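Dropping model22.cif in here (mmCIF, C-alpha atoms):
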```cif
data_data
#
loop_
_atom_site.label_atom_id
_atom_site.label_comp_id
_atom_site.auth_asym_id
_atom_site.auth_seq_id
_atom_site.Cartn_x
_atom_site.Cartn_y
_atom_site.Cartn_z
CA MET A 192 1.98 -101.24 -64.72
CA SER A 193 -0.53 -100.37 -62.01
CA THR A 194 0.55 -97.95 -59.30
CA PHE A 195 -0.88 -100.13 -56.53
CA GLN A 196 -2.14 -103.58 -55.67
CA ILE A 197 -5.47 -104.59 -54.23
CA ASP A 198 -5.12 -105.80 -50.67
CA THR A 199 -7.07 -109.06 -50.90
CA ALA A 200 -6.95 -109.50 -47.13
CA THR A 201 -9.41 -106.64 -46.74
CA SER A 202 -11.85 -105.22 -49.28
CA ARG A 203 -11.54 -105.26 -53.04
CA ALA A 204 -12.24 -101.54 -52.93
CA ASN A 205 -9.32 -100.61 -50.69
CA PRO A 206 -6.04 -100.38 -52.62
CA THR A 207 -2.58 -100.74 -51.17
CA PRO A 208 -0.68 -97.83 -52.72
CA ALA A 209 2.79 -98.04 -54.16
CA PRO A 210 5.07 -95.07 -53.39
CA MET A 211 4.30 -92.38 -55.93
CA LYS A 212 4.07 -88.61 -56.05
CA ARG A 213 0.83 -87.19 -57.38
CA LEU A 214 1.07 -84.70 -60.23
CA THR A 215 0.62 -81.07 -59.22
CA VAL A 216 -1.07 -78.01 -60.65
CA PRO A 217 2.29 -76.37 -61.56
CA ALA A 218 3.33 -79.57 -63.35
CA ILE A 219 0.21 -79.47 -65.51
CA ARG A 220 0.57 -75.75 -66.18
CA ASN A 221 4.20 -76.23 -67.19
CA ALA A 222 3.20 -78.94 -69.70
CA LYS A 223 2.26 -76.22 -72.17
CA GLY A 224 3.91 -76.98 -75.50
CA LYS A 225 5.47 -80.20 -74.23
CA ASP A 226 4.17 -83.78 -74.09
CA PRO A 227 0.37 -83.78 -74.48
CA VAL A 228 -1.65 -83.99 -71.28
CA VAL A 229 -3.77 -87.16 -70.99
CA MET A 230 -7.12 -86.68 -69.25
CA LEU A 231 -10.21 -88.87 -68.88
CA THR A 232 -13.34 -88.69 -66.80
CA ALA A 233 -13.75 -90.98 -63.80
CA TYR A 234 -16.69 -91.34 -61.44
CA THR A 235 -15.93 -94.40 -59.30
CA ILE A 236 -13.03 -95.76 -57.26
CA ARG A 237 -12.50 -98.82 -59.46
CA MET A 238 -12.40 -96.85 -62.68
CA ALA A 239 -9.99 -94.38 -61.07
CA GLN A 240 -7.73 -97.28 -60.10
CA ILE A 241 -7.65 -98.53 -63.69
CA LEU A 242 -7.15 -95.13 -65.33
CA ASP A 243 -4.69 -93.64 -62.87
CA PRO A 244 -1.44 -95.18 -64.21
CA HIS A 245 -2.17 -93.90 -67.71
CA CYS A 246 -3.52 -90.39 -67.09
CA ASP A 247 -2.11 -87.06 -66.00
CA MET A 248 -5.50 -85.78 -64.85
CA LEU A 249 -8.79 -87.43 -63.90
CA LEU A 250 -11.89 -85.29 -64.32
CA VAL A 251 -14.89 -86.02 -62.14
CA GLY A 252 -17.21 -84.58 -64.75
CA ASP A 253 -20.78 -83.47 -64.29
CA SER A 254 -21.38 -85.76 -67.27
CA LEU A 255 -22.04 -88.28 -64.51
CA GLY A 256 -25.57 -86.91 -64.62
CA GLN A 257 -26.16 -88.67 -67.94
CA VAL A 258 -23.60 -91.49 -67.62
CA ILE A 259 -24.33 -92.66 -64.07
CA TYR A 260 -27.78 -91.31 -63.24
CA GLY A 261 -29.57 -91.28 -66.60
CA LEU A 262 -30.46 -87.60 -66.39
CA PRO A 263 -31.31 -85.72 -69.60
CA SER A 264 -28.42 -83.28 -69.15
CA SER A 265 -25.82 -82.17 -66.60
CA ILE A 266 -28.04 -79.34 -65.33
CA PRO A 267 -29.79 -81.33 -62.53
CA VAL A 268 -26.46 -82.53 -61.06
CA SER A 269 -25.96 -81.37 -57.46
CA LEU A 270 -22.88 -80.37 -55.49
CA ASP A 271 -23.43 -83.33 -53.17
CA MET A 272 -23.33 -85.72 -56.13
CA MET A 273 -20.07 -84.22 -57.36
CA ILE A 274 -18.50 -84.40 -53.91
CA ALA A 275 -19.48 -88.05 -53.39
CA HIS A 276 -17.98 -89.14 -56.70
CA GLY A 277 -14.99 -86.83 -56.35
CA ALA A 278 -14.04 -88.39 -53.03
CA ALA A 279 -14.28 -91.88 -54.55
CA VAL A 280 -11.99 -90.96 -57.44
CA VAL A 281 -9.42 -89.40 -55.11
CA ARG A 282 -9.42 -92.57 -52.99
CA GLY A 283 -8.80 -94.64 -56.10
CA SER A 284 -5.88 -92.66 -57.50
CA TYR A 285 -2.29 -91.88 -56.52
CA HIS A 286 -0.72 -90.37 -59.61
CA SER A 287 -3.23 -88.26 -61.51
CA LEU A 288 -4.28 -84.77 -60.53
CA VAL A 289 -8.00 -84.98 -59.74
CA VAL A 290 -10.30 -82.18 -60.92
CA VAL A 291 -13.97 -81.90 -59.97
CA ASP A 292 -16.58 -80.13 -62.08
CA MET A 293 -18.53 -77.36 -60.40
CA PRO A 294 -22.18 -78.20 -61.15
CA PHE A 295 -24.68 -75.78 -62.63
CA GLY A 296 -25.95 -73.28 -60.07
CA SER A 297 -23.06 -73.68 -57.64
CA TYR A 298 -20.82 -70.85 -58.86
CA GLU A 299 -22.54 -68.48 -61.31
CA ALA A 300 -24.24 -66.10 -58.86
CA SER A 301 -21.08 -64.53 -57.46
CA PRO A 302 -17.40 -65.16 -56.81
CA GLU A 303 -18.24 -65.60 -53.14
CA GLN A 304 -20.78 -68.32 -53.92
CA ALA A 305 -18.21 -70.03 -56.10
CA PHE A 306 -15.59 -69.87 -53.36
CA HIS A 307 -17.80 -71.46 -50.73
CA ALA A 308 -18.82 -74.28 -53.08
CA ALA A 309 -15.29 -74.87 -54.40
CA ALA A 310 -13.80 -74.83 -50.91
CA ARG A 311 -16.29 -77.48 -49.88
CA VAL A 312 -15.36 -79.59 -52.91
CA LEU A 313 -11.63 -79.48 -52.12
CA LYS A 314 -12.10 -80.10 -48.38
CA GLU A 315 -14.55 -82.97 -48.73
CA THR A 316 -13.00 -84.77 -51.70
CA GLY A 317 -9.25 -84.18 -51.42
CA ALA A 318 -9.20 -83.14 -55.08
CA ALA A 319 -6.62 -80.60 -56.25
CA ALA A 320 -8.73 -78.36 -58.46
CA VAL A 321 -12.16 -77.49 -59.78
CA LYS A 322 -13.41 -76.85 -63.29
CA LEU A 323 -16.07 -74.34 -64.23
CA GLU A 324 -17.70 -73.38 -67.49
CA GLY A 325 -17.88 -69.95 -69.08
CA GLY A 326 -15.76 -67.36 -70.80
CA GLU A 327 -15.12 -63.69 -70.10
CA ALA A 328 -18.20 -63.46 -67.86
CA MET A 329 -16.57 -65.93 -65.45
CA ALA A 330 -13.11 -64.32 -65.46
CA GLU A 331 -13.76 -62.41 -62.23
CA THR A 332 -14.77 -65.64 -60.49
CA VAL A 333 -11.70 -67.50 -61.79
CA ALA A 334 -9.48 -64.68 -60.50
CA PHE A 335 -11.27 -64.66 -57.13
CA LEU A 336 -10.80 -68.39 -56.65
CA SER A 337 -7.22 -68.45 -57.90
CA ALA A 338 -6.22 -65.62 -55.57
CA ARG A 339 -7.59 -67.62 -52.64
CA GLY A 340 -5.71 -70.82 -53.31
CA ILE A 341 -8.29 -72.74 -55.35
CA PRO A 342 -6.81 -73.94 -58.67
CA VAL A 343 -9.23 -73.62 -61.57
CA ILE A 344 -9.55 -75.16 -65.02
CA GLY A 345 -11.69 -73.14 -67.39
CA HIS A 346 -14.06 -74.51 -70.04
CA VAL A 347 -15.06 -72.65 -73.20
CA GLY A 348 -16.65 -73.43 -76.54
CA LEU A 349 -19.51 -75.89 -76.28
CA THR A 350 -20.44 -75.58 -72.61
CA PRO A 351 -22.99 -78.29 -71.75
CA GLN A 352 -24.39 -76.43 -68.74
CA ALA A 353 -25.46 -73.66 -71.14
CA VAL A 354 -27.15 -76.05 -73.58
CA ASN A 355 -30.51 -74.31 -73.14
CA ALA A 356 -29.03 -70.94 -74.04
CA LEU A 357 -26.92 -72.37 -76.87
CA GLY A 358 -29.88 -74.21 -78.36
CA GLY A 359 -28.14 -77.56 -78.67
CA TYR A 360 -24.82 -79.34 -78.83
CA GLY A 361 -23.60 -78.11 -82.23
CA ALA A 362 -20.01 -77.05 -82.87
CA ARG A 363 -19.14 -73.51 -81.89
CA GLY A 364 -17.13 -70.85 -83.68
CA ARG A 365 -18.58 -71.17 -87.18
CA SER A 366 -19.57 -67.52 -87.43
CA GLN A 367 -16.92 -64.79 -87.46
CA SER A 368 -18.45 -63.05 -84.46
CA GLU A 369 -18.62 -66.22 -82.35
CA TYR A 370 -15.09 -67.18 -83.39
CA ALA A 371 -13.77 -63.81 -82.18
CA LYS A 372 -15.79 -63.98 -78.96
CA LEU A 373 -14.42 -67.43 -78.08
CA ILE A 374 -10.84 -66.27 -78.64
CA GLY A 375 -11.58 -63.44 -76.22
CA ASP A 376 -13.11 -65.89 -73.75
CA ALA A 377 -10.02 -68.11 -73.81
CA LYS A 378 -7.69 -65.15 -73.25
CA ALA A 379 -9.85 -63.78 -70.42
CA ILE A 380 -9.91 -67.08 -68.53
CA ALA A 381 -6.16 -67.59 -68.97
CA GLN A 382 -5.39 -64.06 -67.82
CA ALA A 383 -7.67 -64.52 -64.80
CA GLY A 384 -5.42 -67.26 -63.46
CA ALA A 385 -6.80 -70.60 -64.69
CA PHE A 386 -4.03 -73.19 -64.99
CA ALA A 387 -5.59 -75.01 -67.96
CA LEU A 388 -8.52 -74.62 -70.32
CA VAL A 389 -10.89 -77.25 -71.70
CA VAL A 390 -11.82 -76.41 -75.29
CA GLU A 391 -14.93 -78.34 -76.29
CA GLY A 392 -16.79 -78.72 -79.56
CA VAL A 393 -15.23 -75.92 -81.59
CA ILE A 394 -14.10 -75.89 -85.20
CA GLU A 395 -10.50 -77.04 -85.47
CA PRO A 396 -8.92 -73.73 -86.65
CA LEU A 397 -10.37 -72.05 -83.57
CA ALA A 398 -8.98 -74.73 -81.23
CA ILE A 399 -5.54 -74.30 -82.80
CA GLU A 400 -5.65 -70.51 -82.56
CA MET A 401 -6.76 -70.70 -78.93
CA THR A 402 -3.84 -73.01 -78.17
CA HIS A 403 -1.37 -70.52 -79.64
CA ALA A 404 -3.09 -67.50 -78.10
CA ILE A 405 -2.82 -68.43 -74.42
CA ASP A 406 0.05 -69.47 -72.17
CA ILE A 407 -1.76 -72.29 -70.34
CA PRO A 408 -2.47 -75.79 -71.68
CA THR A 409 -5.58 -76.30 -73.78
CA ILE A 410 -7.33 -79.63 -73.25
CA GLY A 411 -9.31 -80.53 -76.34
CA ILE A 412 -12.55 -82.46 -76.55
CA GLY A 413 -13.78 -82.04 -80.06
CA GLY A 414 -11.03 -79.50 -80.73
CA SER A 415 -7.77 -80.49 -82.40
CA ALA A 416 -4.83 -82.87 -81.97
CA GLN A 417 -2.74 -79.70 -81.77
CA CYS A 418 -4.26 -78.83 -78.38
CA ASP A 419 -1.91 -79.33 -75.43
CA GLY A 420 -3.92 -82.33 -74.23
CA GLN A 421 -7.11 -84.30 -74.71
CA VAL A 422 -10.05 -85.45 -72.58
CA LEU A 423 -12.93 -87.81 -73.28
CA VAL A 424 -15.81 -89.22 -71.29
CA ILE A 425 -14.57 -92.67 -70.30
CA ASP A 426 -17.86 -94.45 -70.99
CA ASP A 427 -17.95 -93.00 -74.50
CA MET A 428 -14.43 -94.07 -75.45
CA LEU A 429 -14.94 -97.55 -73.99
CA GLY A 430 -18.05 -98.10 -76.11
CA MET A 431 -20.60 -98.27 -73.32
CA PHE A 432 -23.12 -96.33 -75.41
CA ASP A 433 -24.20 -96.82 -79.01
CA ARG A 434 -24.57 -93.10 -79.74
CA VAL A 435 -21.63 -90.83 -78.96
CA PRO A 436 -20.57 -87.36 -80.11
CA ARG A 437 -18.66 -87.00 -83.38
CA PHE A 438 -15.42 -86.25 -81.55
CA VAL A 439 -15.35 -89.60 -79.73
CA LYS A 440 -13.18 -92.49 -80.86
CA LYS A 441 -14.34 -95.81 -79.42
CA TYR A 442 -11.28 -97.69 -78.22
CA ALA A 443 -13.38 -100.66 -77.09
CA GLN A 444 -16.90 -102.09 -77.36
CA LEU A 445 -17.53 -102.92 -73.72
CA SER A 446 -21.31 -102.80 -74.00
CA GLN A 447 -21.20 -105.70 -76.43
CA GLN A 448 -18.77 -107.65 -74.23
CA ILE A 449 -20.92 -107.08 -71.15
CA ASP A 450 -24.05 -108.11 -73.02
CA ALA A 451 -22.39 -111.35 -74.13
CA ALA A 452 -21.07 -112.11 -70.64
CA VAL A 453 -24.44 -111.52 -68.99
CA ALA A 454 -26.20 -113.63 -71.62
CA GLU A 455 -23.79 -116.50 -70.89
CA TYR A 456 -24.32 -116.10 -67.14
CA ALA A 457 -28.11 -116.11 -67.53
CA ALA A 458 -27.95 -119.26 -69.67
CA ASP A 459 -25.74 -121.00 -67.09
CA VAL A 460 -28.08 -120.10 -64.23
CA ARG A 461 -31.16 -121.31 -66.08
CA ALA A 462 -29.42 -124.54 -67.03
CA ARG A 463 -28.08 -124.99 -63.47
CA ARG A 464 -24.51 -124.98 -64.76
CA PHE A 465 -23.63 -122.23 -62.28
CA PRO A 466 -22.48 -122.38 -59.56
CA THR A 467 -20.24 -125.42 -59.76
CA VAL A 468 -18.10 -127.00 -57.07
CA GLU A 469 -15.48 -124.37 -57.79
CA GLN A 470 -17.85 -121.59 -56.68
CA THR A 471 -19.43 -123.29 -53.67
CA TYR A 472 -18.26 -124.15 -50.15
CA GLN A 473 -17.99 -127.87 -49.40
CA PRO A 474 -17.77 -129.61 -46.01
CA LYS A 475 -14.22 -130.18 -44.84
CA ALA A 476 -13.10 -133.79 -45.04
#
```
Please, can you express the file's structure as structure tokens?
Amino acid sequence: MSTFQIDTATSRANPTPAPMKRLTVPAIRNAKGKDPVVMLTAYTIRMAQILDPHCDMLLVGDSLGQVIYGLPSSIPVSLDMMIAHGAAVVRGSYHSLVVVDMPFGSYEASPEQAFHAAARVLKETGAAAVKLEGGEAMAETVAFLSARGIPVIGHVGLTPQAVNALGGYGARGRSQSEYAKLIGDAKAIAQAGAFALVVEGVIEPLAIEMTHAIDIPTIGIGGSAQCDGQVLVIDDMLGMFDRVPRFVKKYAQLSQQIDAAVAEYAADVRARRFPTVEQTYQPKA
């Protein structure tokens, strides 16, 4: 059941909330080893409204660069773009904890740079937390933010913002040295104060070992069902794109349904079957 109803007396985009308490950072952290955490990406108010009753966390991912804007990667995404979409998702949700990705270039230079950018994200969106990519090298930044009241989710393994350095989107952890390094990265981010850790695109034994090695929830995406939770890009799992990563399960084929609906609409318009009397305004008798 939805957590709110649309107030049809005003705008379709303005929900009337039902009383509900939003999940908190401690609640997510304490989910370690309990019921799996459900997380999906969201970029718009309407999608947030639909996903909110079913999810524990909504991630405003920098994947919006490809999904919404047609960019070749997440690297060109700006802080302003993330803030605009983050605010929309917060407005559309009442239950899920909303997390906003820190875009490339907004946090890597120094902990101070990261703080100013993250503080702006939280103030201008109303989100509860930020997510940033990187392992041990980012531990100081995670600690700096956490100590100053900014909750952080880490992200290790396949880190899309580092795709140029990684040389592609292949699974990580296949070599013994990389496997050991990623275990160290997970431990460093957890010890620095992150309250959860996204584990993306790693071989399954590594995802399982990471989950057992740290005391915060692991959120898998191309990891393992034994992670403490899962996240997917919403457009991928709804079948909006033909090509998706190996780790995606398509729970719907919306692109095909949309194509069929638009084809029917176009045929009706060209045949003058639309609009009918039901969709037009007639003089009052």
Which residues, written as a PyMOL selection string, have at least one atom at most 12 Å from Pro396 (chain A), with only C-alpha atoms counted and residues fewer than 5 positions away on the same chain left out? chain A and resi 363-365+370-371+373-374+401-403+413-418
Contact residues around region 231-239 of chain A with all atoms listed in the file at 9 Å, ignoring same-chain residues under 2 positions, as a PyMOL selection string: chain A and resi 204-205+229+241-243+246-252+254-255+259+273+276-284+421-426
Between CA of Gly411 (chain A) and CA of Ala398 (chain A) - distance in Å to one decimal: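 Value for the CA of Ala398 (chain A)-CA of Gly411 (chain A) distance: 7.6 Å.
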CA of Gln470 (chain A) and CA of Tyr456 (chain A), how far apart in Å?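 One can read the CA of Tyr456 (chain A) to CA of Gln470 (chain A) distance as 13.5 Å.
The space separating CA of Leu288 (chain A) from CA of Gln257 (chain A) comes to 23.4 Å.
Of the residues under consideration (A:Asn221, A:Ser269, A:Ser366, A:Ser297), A:Ser366 shows the shortest atom-to-atom contact distance to Val393 (chain A) when counting only C-alpha atoms.
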What's the 9 Å shell around Tyr298 (chain A), counting all atoms listed in the file, without same-chain residues fewer than 5 positions away, as a short mmCIF file (atom, residue, chain, number, x, y, z; two decimals) with C-alpha atoms, keeping the file's coordinate frame?
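Result saved to result.cif:
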```cif
data_model
loop_
_atom_site.label_atom_id
_atom_site.label_comp_id
_atom_site.auth_asym_id
_atom_site.auth_seq_id
_atom_site.Cartn_x
_atom_site.Cartn_y
_atom_site.Cartn_z
CA MET A 293 -18.53 -77.36 -60.40
CA GLU A 303 -18.24 -65.60 -53.14
CA GLN A 304 -20.78 -68.32 -53.92
CA ALA A 305 -18.21 -70.03 -56.10
CA PHE A 306 -15.59 -69.87 -53.36
CA HIS A 307 -17.80 -71.46 -50.73
CA ALA A 308 -18.82 -74.28 -53.08
CA ALA A 309 -15.29 -74.87 -54.40
CA LEU A 323 -16.07 -74.34 -64.23
CA THR A 332 -14.77 -65.64 -60.49
#
```
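The residues returned by the PyMOL selection byres ((chain A and resi 348-356) around 9) on the shown structure are Ser254, Ser264, Ser265, Ile266, Pro294, Phe295, Glu324, Gly325, Gly326, His346, Val347, Leu357, Gly358, Gly359, Tyr360, Gly361, Ala362, Arg363, Gly364, Leu373, Asp376, Ala377, Val389, Val390, Glu391, Gly392 and Val393 of chain A.
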Spatial neighbours of Gly430 (chain A), 10 Å, all atoms listed in the file, chain gap at least 4 places, as a list in words: Ile425, Asp426, Arg434, Val435, Val439, Lys440, Lys441, Tyr442, Ala443, Gln444, Leu445, Ser446, Gln447 and Gln448 of chain A
All residues 10 Å or closer to region 339-344 of chain A, all atoms listed in the file, same chain fewer than 5 positions away omitted, as number ranges by chain: A: 216-217, 290-292, 306, 309-310, 313, 319-324, 332-334, 380-381, 383-389, 407-410
Residues matched by the PyMOL selection byres ((chain A and resi 227) around 6), written as a PDB file with C-alpha atoms, in the frame of the given file:
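Result written to expr-v1.pdb:
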```pdb
ATOM      1  CA  ASP A 226       4.170 -83.780 -74.090  1.00  0.00           C
ATOM      2  CA  VAL A 228      -1.650 -83.990 -71.280  1.00  0.00           C
ATOM      3  CA  ASP A 419      -1.910 -79.330 -75.430  1.00  0.00           C
ATOM      4  CA  GLY A 420      -3.920 -82.330 -74.230  1.00  0.00           C
TER       5      GLY A 420
END
```
Which of these residues is nearest to Arg213 (chain A), using all atoms listed in the file: A:His286, A:Ile399, A:His245, A:Met272?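 So, comparing all the options, the nearest one is A:His286.
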Given the choices A:Ala300, A:Leu262, A:Ile412, A:Ala318, which gets closest to Ala275 (chain A) if the distance is worked out from only C-alpha atoms?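 The answer is A:Ala318, which sits nearest to Ala275 (chain A).
Nearest residue to Gly224 (chain A) among A:Gln367, A:Asp406, A:Arg311, A:Gly256 is A:Asp406, counting all atoms listed in the file.
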